[in-house]
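Pasting run21.cif here (mmCIF, C-alpha atoms and all ligand atoms):
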data_data
loop_
_atom_site.label_atom_id
_atom_site.label_comp_id
_atom_site.auth_asym_id
_atom_site.auth_seq_id
_atom_site.Cartn_x
_atom_site.Cartn_y
_atom_site.Cartn_z
CA MET R 29 6.49 16.36 6.82
CA LYS R 30 5.44 19.99 7.29
CA LEU R 31 3.05 20.60 10.23
CA PRO R 32 0.84 23.64 10.89
CA PHE R 33 1.93 26.13 13.52
CA ARG R 34 -1.29 27.64 14.93
CA LYS R 35 -4.32 25.78 16.43
CA THR R 36 -6.75 26.63 13.60
CA GLU R 37 -4.27 27.06 10.77
CA ALA R 38 -3.94 24.47 7.99
CA ILE R 39 -0.79 23.88 5.95
CA GLU R 40 -0.96 24.38 2.19
CA SER R 41 -0.33 21.08 0.47
CA PRO R 42 -1.42 19.22 -2.67
CA TYR R 43 -2.27 16.34 -0.34
CA SER R 44 -5.49 15.85 1.60
CA ILE R 45 -3.95 13.14 3.70
CA GLU R 46 -0.28 12.74 4.61
CA VAL R 47 0.71 9.90 6.90
CA LYS R 48 4.19 9.20 8.22
CA GLU R 49 5.14 6.13 10.24
CA LEU R 50 1.67 5.93 11.82
CA THR R 51 1.46 3.15 14.40
CA LYS R 52 -1.18 1.76 16.76
CA CYS R 53 -0.48 -0.82 19.42
CA PHE R 54 -3.10 -2.47 21.60
CA GLY R 55 -0.98 -3.68 24.51
CA SER R 56 1.80 -5.79 22.99
CA PHE R 57 -0.12 -6.27 19.69
CA THR R 58 0.73 -3.91 16.80
CA ALA R 59 -2.45 -3.40 14.75
CA VAL R 60 -0.98 -0.67 12.51
CA ASP R 61 2.76 -0.82 11.97
CA HIS R 62 4.63 2.32 10.81
CA ILE R 63 2.53 3.04 7.71
CA SER R 64 3.33 6.01 5.43
CA PHE R 65 1.39 7.27 2.41
CA GLN R 66 -0.15 10.36 0.82
CA VAL R 67 -3.54 10.95 -0.79
CA LYS R 68 -4.04 13.82 -3.26
CA LYS R 69 -6.93 16.26 -3.09
CA GLY R 70 -10.01 14.90 -4.91
CA GLU R 71 -8.49 11.43 -5.26
CA ILE R 72 -10.48 8.20 -4.78
CA PHE R 73 -8.12 6.11 -2.66
CA GLY R 74 -8.95 2.46 -2.01
CA PHE R 75 -7.65 0.94 1.20
CA LEU R 76 -7.64 -2.85 0.82
CA GLY R 77 -6.55 -5.70 3.04
CA ALA R 78 -7.73 -9.00 4.47
CA ASN R 79 -9.88 -9.13 7.64
CA GLY R 80 -7.90 -7.85 10.59
CA ALA R 81 -5.23 -6.17 8.43
CA GLY R 82 -5.64 -2.86 10.30
CA LYS R 83 -7.87 -0.82 7.94
CA THR R 84 -10.55 0.25 10.43
CA THR R 85 -7.92 1.04 13.07
CA THR R 86 -6.15 3.30 10.54
CA ILE R 87 -9.39 5.04 9.55
CA ARG R 88 -10.30 5.59 13.20
CA MET R 89 -6.92 7.20 13.81
CA LEU R 90 -7.20 9.40 10.70
CA CYS R 91 -10.67 10.53 11.82
CA SER R 92 -9.21 11.46 15.17
CA LEU R 93 -11.37 8.87 16.98
CA LEU R 94 -8.41 6.80 18.18
CA MET R 95 -5.09 8.07 19.48
CA PRO R 96 -2.05 6.78 17.54
CA THR R 97 0.76 5.19 19.54
CA SER R 98 3.33 7.00 17.37
CA GLY R 99 3.80 8.64 13.99
CA GLN R 100 2.44 11.75 12.33
CA ALA R 101 -0.39 12.69 10.00
CA THR R 102 -2.03 15.76 8.52
CA ILE R 103 -5.68 15.53 7.48
CA ALA R 104 -6.98 18.35 5.24
CA GLY R 105 -3.82 20.21 6.28
CA TYR R 106 -4.46 19.82 10.03
CA ASP R 107 -2.16 18.06 12.43
CA LEU R 108 -3.56 14.83 13.85
CA ALA R 109 -1.72 15.33 17.13
CA THR R 110 -2.95 18.84 17.96
CA GLN R 111 -5.90 19.89 15.76
CA HIS R 112 -8.67 17.34 16.42
CA LYS R 113 -11.49 19.88 16.25
CA MET R 114 -10.43 21.24 12.87
CA ILE R 115 -10.04 17.69 11.51
CA LYS R 116 -13.52 16.66 12.67
CA ARG R 117 -15.01 19.78 11.04
CA ASN R 118 -13.40 18.97 7.71
CA ILE R 119 -14.10 15.26 7.36
CA GLY R 120 -17.09 12.98 6.91
CA TYR R 121 -17.11 9.41 8.20
CA MET R 122 -19.28 6.46 7.34
CA SER R 123 -18.49 3.61 9.69
CA GLN R 124 -18.82 -0.12 9.06
CA LYS R 125 -21.86 -0.22 11.33
CA PHE R 126 -24.99 1.58 10.14
CA SER R 127 -24.79 4.88 11.97
CA LEU R 128 -28.18 6.49 11.32
CA TYR R 129 -31.18 6.25 13.64
CA ASP R 130 -33.66 3.53 12.64
CA ASP R 131 -36.49 5.13 14.61
CA LEU R 132 -36.18 8.52 12.88
CA THR R 133 -37.42 9.30 9.38
CA VAL R 134 -35.07 9.84 6.41
CA PHE R 135 -35.58 13.62 6.71
CA GLU R 136 -35.18 13.69 10.51
CA ASN R 137 -31.88 11.79 10.30
CA MET R 138 -30.44 14.29 7.85
CA GLN R 139 -31.81 17.20 9.84
CA MET R 140 -30.27 15.90 13.06
CA PHE R 141 -26.80 15.35 11.58
CA GLY R 142 -26.95 18.72 9.77
CA THR R 143 -27.81 20.44 13.04
CA ILE R 144 -24.87 18.75 14.80
CA TYR R 145 -22.63 20.28 12.12
CA ASN R 146 -24.21 23.72 12.68
CA ILE R 147 -25.51 24.08 9.13
CA PRO R 148 -27.86 27.11 9.18
CA ARG R 149 -31.54 26.09 9.10
CA LYS R 150 -32.50 27.43 5.67
CA GLU R 151 -29.29 26.17 4.08
CA LEU R 152 -29.83 22.76 5.71
CA LYS R 153 -33.35 22.48 4.29
CA GLU R 154 -32.00 23.20 0.81
CA ARG R 155 -29.12 20.74 1.16
CA ILE R 156 -31.47 17.99 2.40
CA ALA R 157 -33.84 18.63 -0.51
CA SER R 158 -31.02 18.38 -3.06
CA SER R 159 -29.59 15.25 -1.36
CA LEU R 160 -32.98 13.54 -1.43
CA GLU R 161 -33.32 14.44 -5.09
CA MET R 162 -29.83 13.06 -5.82
CA LEU R 163 -30.78 9.82 -4.02
CA ASN R 164 -34.22 9.73 -5.62
CA LEU R 165 -35.66 9.47 -2.11
CA GLN R 166 -38.00 12.50 -2.18
CA ASP R 167 -41.06 10.29 -1.66
CA GLN R 168 -39.42 8.51 1.29
CA ALA R 169 -38.53 11.67 3.27
CA LYS R 170 -41.13 10.84 5.93
CA THR R 171 -40.42 7.10 6.02
CA LEU R 172 -38.80 5.62 9.12
CA VAL R 173 -35.27 4.50 8.28
CA TYR R 174 -35.75 0.99 9.70
CA SER R 175 -38.26 0.20 6.95
CA ILE R 176 -36.10 1.15 3.94
CA PRO R 177 -33.87 -1.42 2.15
CA LEU R 178 -30.18 -1.75 3.13
CA GLY R 179 -28.91 -0.29 -0.16
CA TRP R 180 -30.98 2.88 0.34
CA LYS R 181 -29.81 3.09 3.94
CA GLN R 182 -26.19 3.00 2.82
CA LYS R 183 -26.77 5.68 0.18
CA LEU R 184 -28.57 7.78 2.76
CA ALA R 185 -25.68 7.32 5.22
CA PHE R 186 -23.25 8.52 2.54
CA ALA R 187 -25.35 11.58 1.68
CA THR R 188 -25.57 12.37 5.41
CA ALA R 189 -21.80 11.99 5.84
CA ILE R 190 -21.20 14.67 3.18
CA LEU R 191 -24.07 16.99 4.12
CA HIS R 192 -21.69 19.46 5.84
CA ARG R 193 -19.48 19.48 2.69
CA PRO R 194 -16.33 17.92 4.14
CA LYS R 195 -13.02 18.02 2.28
CA ILE R 196 -12.46 14.30 2.87
CA VAL R 197 -14.88 11.46 3.42
CA PHE R 198 -13.81 8.17 5.01
CA LEU R 199 -15.95 5.19 4.00
CA ASP R 200 -15.40 1.93 5.88
CA GLU R 201 -16.85 -0.93 3.81
CA PRO R 202 -19.81 1.19 2.72
CA THR R 203 -21.28 -1.38 0.33
CA SER R 204 -20.93 -4.47 2.50
CA GLY R 205 -23.93 -6.77 1.95
CA VAL R 206 -25.46 -4.57 -0.76
CA ASP R 207 -26.54 -5.97 -4.15
CA PRO R 208 -24.43 -5.26 -7.28
CA ILE R 209 -26.87 -2.76 -8.82
CA VAL R 210 -27.02 -0.62 -5.67
CA ARG R 211 -23.25 -0.96 -5.27
CA ARG R 212 -22.85 0.54 -8.77
CA GLU R 213 -25.27 3.34 -7.83
CA PHE R 214 -23.33 3.93 -4.63
CA TRP R 215 -20.16 4.34 -6.70
CA ASP R 216 -21.95 6.89 -8.89
CA LEU R 217 -22.46 8.92 -5.69
CA ILE R 218 -18.75 8.53 -4.85
CA TYR R 219 -17.74 9.75 -8.32
CA ALA R 220 -20.14 12.70 -8.09
CA ALA R 221 -18.61 13.77 -4.75
CA ALA R 222 -15.03 13.30 -6.05
CA SER R 223 -15.83 15.38 -9.13
CA LYS R 224 -16.65 18.25 -6.75
CA GLY R 225 -13.18 17.93 -5.20
CA VAL R 226 -14.01 15.73 -2.19
CA THR R 227 -11.23 13.27 -1.36
CA ILE R 228 -12.57 9.74 -0.94
CA PHE R 229 -10.83 7.23 1.33
CA VAL R 230 -12.64 3.93 1.02
CA THR R 231 -12.17 0.37 2.29
CA THR R 232 -13.78 -2.52 0.47
CA HIS R 233 -13.57 -6.28 0.13
CA TYR R 234 -15.08 -6.12 -3.37
CA MET R 235 -12.28 -6.31 -5.91
CA ASP R 236 -14.43 -4.88 -8.73
CA GLU R 237 -14.79 -1.75 -6.58
CA ALA R 238 -11.02 -1.58 -6.13
CA GLU R 239 -10.79 -1.17 -9.91
CA TYR R 240 -12.95 1.98 -9.67
CA CYS R 241 -10.36 3.73 -7.45
CA GLY R 242 -7.73 6.17 -8.71
CA ARG R 243 -5.11 4.46 -6.52
CA ILE R 244 -5.25 1.58 -4.12
CA SER R 245 -3.12 0.25 -1.32
CA ILE R 246 -3.01 -3.25 0.13
CA MET R 247 -2.42 -3.75 3.81
CA SER R 248 -1.37 -6.93 5.59
CA ASN R 249 -0.64 -7.54 9.29
CA GLY R 250 -0.70 -3.81 9.98
CA GLN R 251 1.78 -2.95 7.23
CA LEU R 252 1.19 -1.19 3.92
CA LYS R 253 2.60 -3.61 1.36
CA LEU R 254 1.54 -2.29 -2.06
CA ILE R 255 0.40 1.08 -3.37
CA GLY R 256 -0.33 2.37 -6.88
CA THR R 257 -2.98 2.76 -9.55
CA PRO R 258 -4.93 -0.42 -10.40
CA SER R 259 -3.09 -0.66 -13.76
CA GLU R 260 0.33 -0.18 -12.13
CA LEU R 261 -0.34 -2.95 -9.61
CA LYS R 262 -1.67 -5.34 -12.26
CA GLU R 263 1.39 -4.69 -14.42
CA ARG R 264 3.76 -5.06 -11.47
CA MET R 265 2.24 -8.43 -10.53
CA GLY R 266 1.82 -9.56 -14.18
CA VAL R 267 -1.94 -10.22 -13.88
CA ASP R 268 -5.19 -8.97 -15.43
CA SER R 269 -7.33 -8.02 -12.45
CA ILE R 270 -7.02 -6.55 -8.96
CA GLU R 271 -8.57 -9.76 -7.62
CA GLN R 272 -5.55 -11.63 -9.04
CA VAL R 273 -3.19 -9.00 -7.58
CA PHE R 274 -4.80 -9.56 -4.20
CA VAL R 275 -4.69 -13.37 -4.40
CA LYS R 276 -1.07 -13.38 -5.65
CA PHE R 277 -0.11 -10.96 -2.92
CA VAL R 278 -1.77 -13.07 -0.20
CA GLU R 279 -0.13 -16.26 -1.57
CA ARG R 280 3.27 -14.63 -1.25
P1 LIG R 301 -11.97 -6.01 8.76
O1 LIG R 301 -11.78 -6.08 7.27
O2 LIG R 301 -12.36 -7.34 9.33
O3 LIG R 301 -12.86 -4.90 9.21
P2 LIG R 301 -9.61 -4.45 9.51
O4 LIG R 301 -8.53 -4.51 8.47
O5 LIG R 301 -10.49 -3.26 9.51
O6 LIG R 301 -10.49 -5.78 9.41
P3 LIG R 301 -9.04 -3.78 12.23
O7 LIG R 301 -10.46 -3.75 12.70
O8 LIG R 301 -8.33 -2.50 12.07
O9 LIG R 301 -8.89 -4.64 10.91
O10 LIG R 301 -8.24 -4.69 13.29
C1 LIG R 301 -6.84 -4.91 13.17
C2 LIG R 301 -6.41 -5.80 14.31
O11 LIG R 301 -6.45 -5.04 15.52
C3 LIG R 301 -7.31 -7.02 14.52
O12 LIG R 301 -6.49 -8.12 14.88
C4 LIG R 301 -8.21 -6.60 15.67
O13 LIG R 301 -8.62 -7.73 16.42
C5 LIG R 301 -7.27 -5.70 16.49
N1 LIG R 301 -7.99 -4.69 17.24
C6 LIG R 301 -8.79 -3.73 16.74
N2 LIG R 301 -9.28 -2.94 17.72
C7 LIG R 301 -8.75 -3.43 18.89
C8 LIG R 301 -8.86 -3.06 20.27
N3 LIG R 301 -9.61 -2.02 20.63
N4 LIG R 301 -8.18 -3.79 21.17
C9 LIG R 301 -7.41 -4.84 20.79
N5 LIG R 301 -7.25 -5.24 19.52
C10 LIG R 301 -7.92 -4.56 18.57
#

Could you spell out this file's structure in structure tokens?
Amino acid sequence: MKLPFRKTEAIESPYSIEVKELTKCFGSFTAVDHISFQVKKGEIFGFLGANGAGKTTTIRMLCSLLMPTSGQATIAGYDLATQHKMIKRNIGYMSQKFSLYDDLTVFENMQMFGTIYNIPRKELKERIASSLEMLNLQDQAKTLVYSIPLGWKQKLAFATAILHRPKIVFLDEPTSGVDPIVRREFWDLIYAAASKGVTIFVTTHYMDEAEYCGRISIMSNGQLKLIGTPSELKERMGVDSIEQVFVKFVER
């Protein structure tokens, strides 16, 4: 795997994410066990696995929030071992836990995160206005976040995670607990971002959502066991749905 030479330099690659033998141990327990894969620019990549398979640990390493025990990765062309700042500038992250501030309004939340990312004031105002329009939340701009429904909160968290126009966005179970209609709307937002070239790395326990991804991988006990397009995996396992792929895989 080619790695960049200078602190702020990125390598040219068709891949947004390249991972080689990435491993994370917590004491004697191996949570992520020598995983290797690549994600193309603008791809929607689904990262599946049962509870405790190691998905969040992997995402946290790729976002430079957790130090790997061993292995290599480049994120948006930056080396995970040496270029943390450049990685953080170029990614968005929506964690499993709701990460916005309940006691701030919709507008204030976006303004605060935009300011953290140093988006110039006038530009930020315009980006917030167009995000609120995209979310159909213009009338809720002054509403405190704690009082809006969960589905809206999740859509707002996504729009906030891409406000600084990252090259990659990591979404850790973004639609957990959200009703099917809002989940579909959330995926419309994902498609819209991907169509603009943003790479989407998403974990989900909803198998219908796995079918919406360009490629998916299935992780088990810290290891990456299967990877391919939904149709490739269905064909390989001789079944009609990703849910059946998952069940068959777990049974094995
Ligand atoms: P879920 O779908 O439930 O979110 P996951 O696939 O995201 O699961 P992880 O959260 O990555 O799984 O956890 C993988 C394993 O690593 C689990 O057994 C978990 O208990 C363990 N683990 C995670 N963080 C730590 C930590 N800080 N210290 C010790 N063990 C940890």

Distance criterion (only C-alpha atoms and all ligand atoms): nearest to ligand LIG 301 (chain R) out of R:Tyr43, R:Trp215, R:Tyr129, R:Tyr234: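 Of R:Tyr43, R:Trp215, R:Tyr129, R:Tyr234, the one nearest ligand LIG 301 (chain R) is R:Tyr234, counting only C-alpha atoms and all ligand atoms.
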
List the residues sitting within 10 Å of (-1.3, 0.1, -10.7) in the file's frame, using all atoms listed in the file, as a PyMOL selection string. chain R and resi 239+242-245+254-265+270+273

Kindly indicate which residue among R:Val226, R:Met122, R:Ile72, R:Met114 lies nearest to Arg88 in chain R, using all atoms listed in the file for the distances.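 For Arg88 in chain R, the nearest of the candidates is R:Met122.
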
Cut-off 10 Å, only C-alpha atoms and all ligand atoms, neighbours of ligand LIG 301 (chain R) as a PyMOL selection string: chain R and resi 52-60+75-89+94+124+200-201+231-233+247-250

Residue nearest Ala187 in chain R among R:Gly120, R:Ile228, R:Ser223, R:Pro208 (counting all atoms listed in the file): R:Gly120

Any chance you could export range 94-165 of chain R with C-alpha atoms, as a PDB file, in the first residue's frame?
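After the write, part_39.pdb holds the following:
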ATOM      1  CA  LEU R  94      -8.860   5.173  18.364  1.00  0.00           C
ATOM      2  CA  MET R  95      -5.272   4.063  17.853  1.00  0.00           C
ATOM      3  CA  PRO R  96      -4.907   0.748  15.965  1.00  0.00           C
ATOM      4  CA  THR R  97      -2.752  -1.943  17.549  1.00  0.00           C
ATOM      5  CA  SER R  98      -1.258  -2.757  14.132  1.00  0.00           C
ATOM      6  CA  GLY R  99      -1.917  -2.485  10.415  1.00  0.00           C
ATOM      7  CA  GLN R 100      -2.139   0.382   7.956  1.00  0.00           C
ATOM      8  CA  ALA R 101      -4.820   2.567   6.414  1.00  0.00           C
ATOM      9  CA  THR R 102      -5.162   5.613   4.210  1.00  0.00           C
ATOM     10  CA  ILE R 103      -8.291   7.735   4.535  1.00  0.00           C
ATOM     11  CA  ALA R 104      -8.940  10.251   1.724  1.00  0.00           C
ATOM     12  CA  GLY R 105      -5.308   9.629   0.757  1.00  0.00           C
ATOM     13  CA  TYR R 106      -3.927  10.431   4.240  1.00  0.00           C
ATOM     14  CA  ASP R 107      -1.985   8.025   6.382  1.00  0.00           C
ATOM     15  CA  LEU R 108      -3.817   6.905   9.516  1.00  0.00           C
ATOM     16  CA  ALA R 109      -0.566   6.584  11.446  1.00  0.00           C
ATOM     17  CA  THR R 110       0.830  10.074  10.816  1.00  0.00           C
ATOM     18  CA  GLN R 111      -1.806  12.444   9.370  1.00  0.00           C
ATOM     19  CA  HIS R 112      -4.618  12.598  11.956  1.00  0.00           C
ATOM     20  CA  LYS R 113      -5.321  16.291  11.435  1.00  0.00           C
ATOM     21  CA  MET R 114      -5.731  15.965   7.672  1.00  0.00           C
ATOM     22  CA  ILE R 115      -7.991  12.925   8.127  1.00  0.00           C
ATOM     23  CA  LYS R 116     -10.248  14.740  10.611  1.00  0.00           C
ATOM     24  CA  ARG R 117     -10.541  17.704   8.211  1.00  0.00           C
ATOM     25  CA  ASN R 118     -11.646  15.458   5.368  1.00  0.00           C
ATOM     26  CA  ILE R 119     -14.190  13.206   7.054  1.00  0.00           C
ATOM     27  CA  GLY R 120     -17.606  13.518   8.652  1.00  0.00           C
ATOM     28  CA  TYR R 121     -18.745  11.183  11.429  1.00  0.00           C
ATOM     29  CA  MET R 122     -22.172  10.396  12.769  1.00  0.00           C
ATOM     30  CA  SER R 123     -21.823   8.221  15.836  1.00  0.00           C
ATOM     31  CA  GLN R 124     -24.279   5.660  17.195  1.00  0.00           C
ATOM     32  CA  LYS R 125     -25.168   8.029  20.027  1.00  0.00           C
ATOM     33  CA  PHE R 126     -27.008  11.232  19.108  1.00  0.00           C
ATOM     34  CA  SER R 127     -24.216  13.783  18.983  1.00  0.00           C
ATOM     35  CA  LEU R 128     -26.044  17.113  18.681  1.00  0.00           C
ATOM     36  CA  TYR R 129     -26.955  19.365  21.602  1.00  0.00           C
ATOM     37  CA  ASP R 130     -30.542  18.916  22.809  1.00  0.00           C
ATOM     38  CA  ASP R 131     -30.586  22.319  24.504  1.00  0.00           C
ATOM     39  CA  LEU R 132     -29.581  24.243  21.365  1.00  0.00           C
ATOM     40  CA  THR R 133     -31.894  25.031  18.456  1.00  0.00           C
ATOM     41  CA  VAL R 134     -31.618  23.323  15.053  1.00  0.00           C
ATOM     42  CA  PHE R 135     -29.886  26.426  13.643  1.00  0.00           C
ATOM     43  CA  GLU R 136     -27.549  26.857  16.636  1.00  0.00           C
ATOM     44  CA  ASN R 137     -26.395  23.237  16.402  1.00  0.00           C
ATOM     45  CA  MET R 138     -25.461  23.634  12.745  1.00  0.00           C
ATOM     46  CA  GLN R 139     -23.848  26.989  13.417  1.00  0.00           C
ATOM     47  CA  MET R 140     -21.748  25.570  16.241  1.00  0.00           C
ATOM     48  CA  PHE R 141     -20.464  22.581  14.256  1.00  0.00           C
ATOM     49  CA  GLY R 142     -19.826  24.788  11.195  1.00  0.00           C
ATOM     50  CA  THR R 143     -17.783  27.163  13.333  1.00  0.00           C
ATOM     51  CA  ILE R 144     -15.717  24.268  14.729  1.00  0.00           C
ATOM     52  CA  TYR R 145     -14.857  23.390  11.116  1.00  0.00           C
ATOM     53  CA  ASN R 146     -13.882  27.019  10.404  1.00  0.00           C
ATOM     54  CA  ILE R 147     -16.472  27.538   7.681  1.00  0.00           C
ATOM     55  CA  PRO R 148     -16.496  31.305   6.965  1.00  0.00           C
ATOM     56  CA  ARG R 149     -19.541  33.048   8.473  1.00  0.00           C
ATOM     57  CA  LYS R 150     -21.349  34.071   5.278  1.00  0.00           C
ATOM     58  CA  GLU R 151     -20.668  30.720   3.622  1.00  0.00           C
ATOM     59  CA  LEU R 152     -21.892  28.921   6.757  1.00  0.00           C
ATOM     60  CA  LYS R 153     -25.168  30.855   6.757  1.00  0.00           C
ATOM     61  CA  GLU R 154     -25.756  29.854   3.128  1.00  0.00           C
ATOM     62  CA  ARG R 155     -24.867  26.209   3.746  1.00  0.00           C
ATOM     63  CA  ILE R 156     -27.191  26.032   6.776  1.00  0.00           C
ATOM     64  CA  ALA R 157     -30.021  27.589   4.765  1.00  0.00           C
ATOM     65  CA  SER R 158     -29.604  25.071   1.944  1.00  0.00           C
ATOM     66  CA  SER R 159     -29.321  22.153   4.418  1.00  0.00           C
ATOM     67  CA  LEU R 160     -32.518  23.211   6.177  1.00  0.00           C
ATOM     68  CA  GLU R 161     -34.247  23.452   2.820  1.00  0.00           C
ATOM     69  CA  MET R 162     -32.981  19.978   1.844  1.00  0.00           C
ATOM     70  CA  LEU R 163     -34.310  18.604   5.164  1.00  0.00           C
ATOM     71  CA  ASN R 164     -37.524  20.587   4.897  1.00  0.00           C
ATOM     72  CA  LEU R 165     -36.758  21.980   8.349  1.00  0.00           C
TER      73      LEU R 165
END
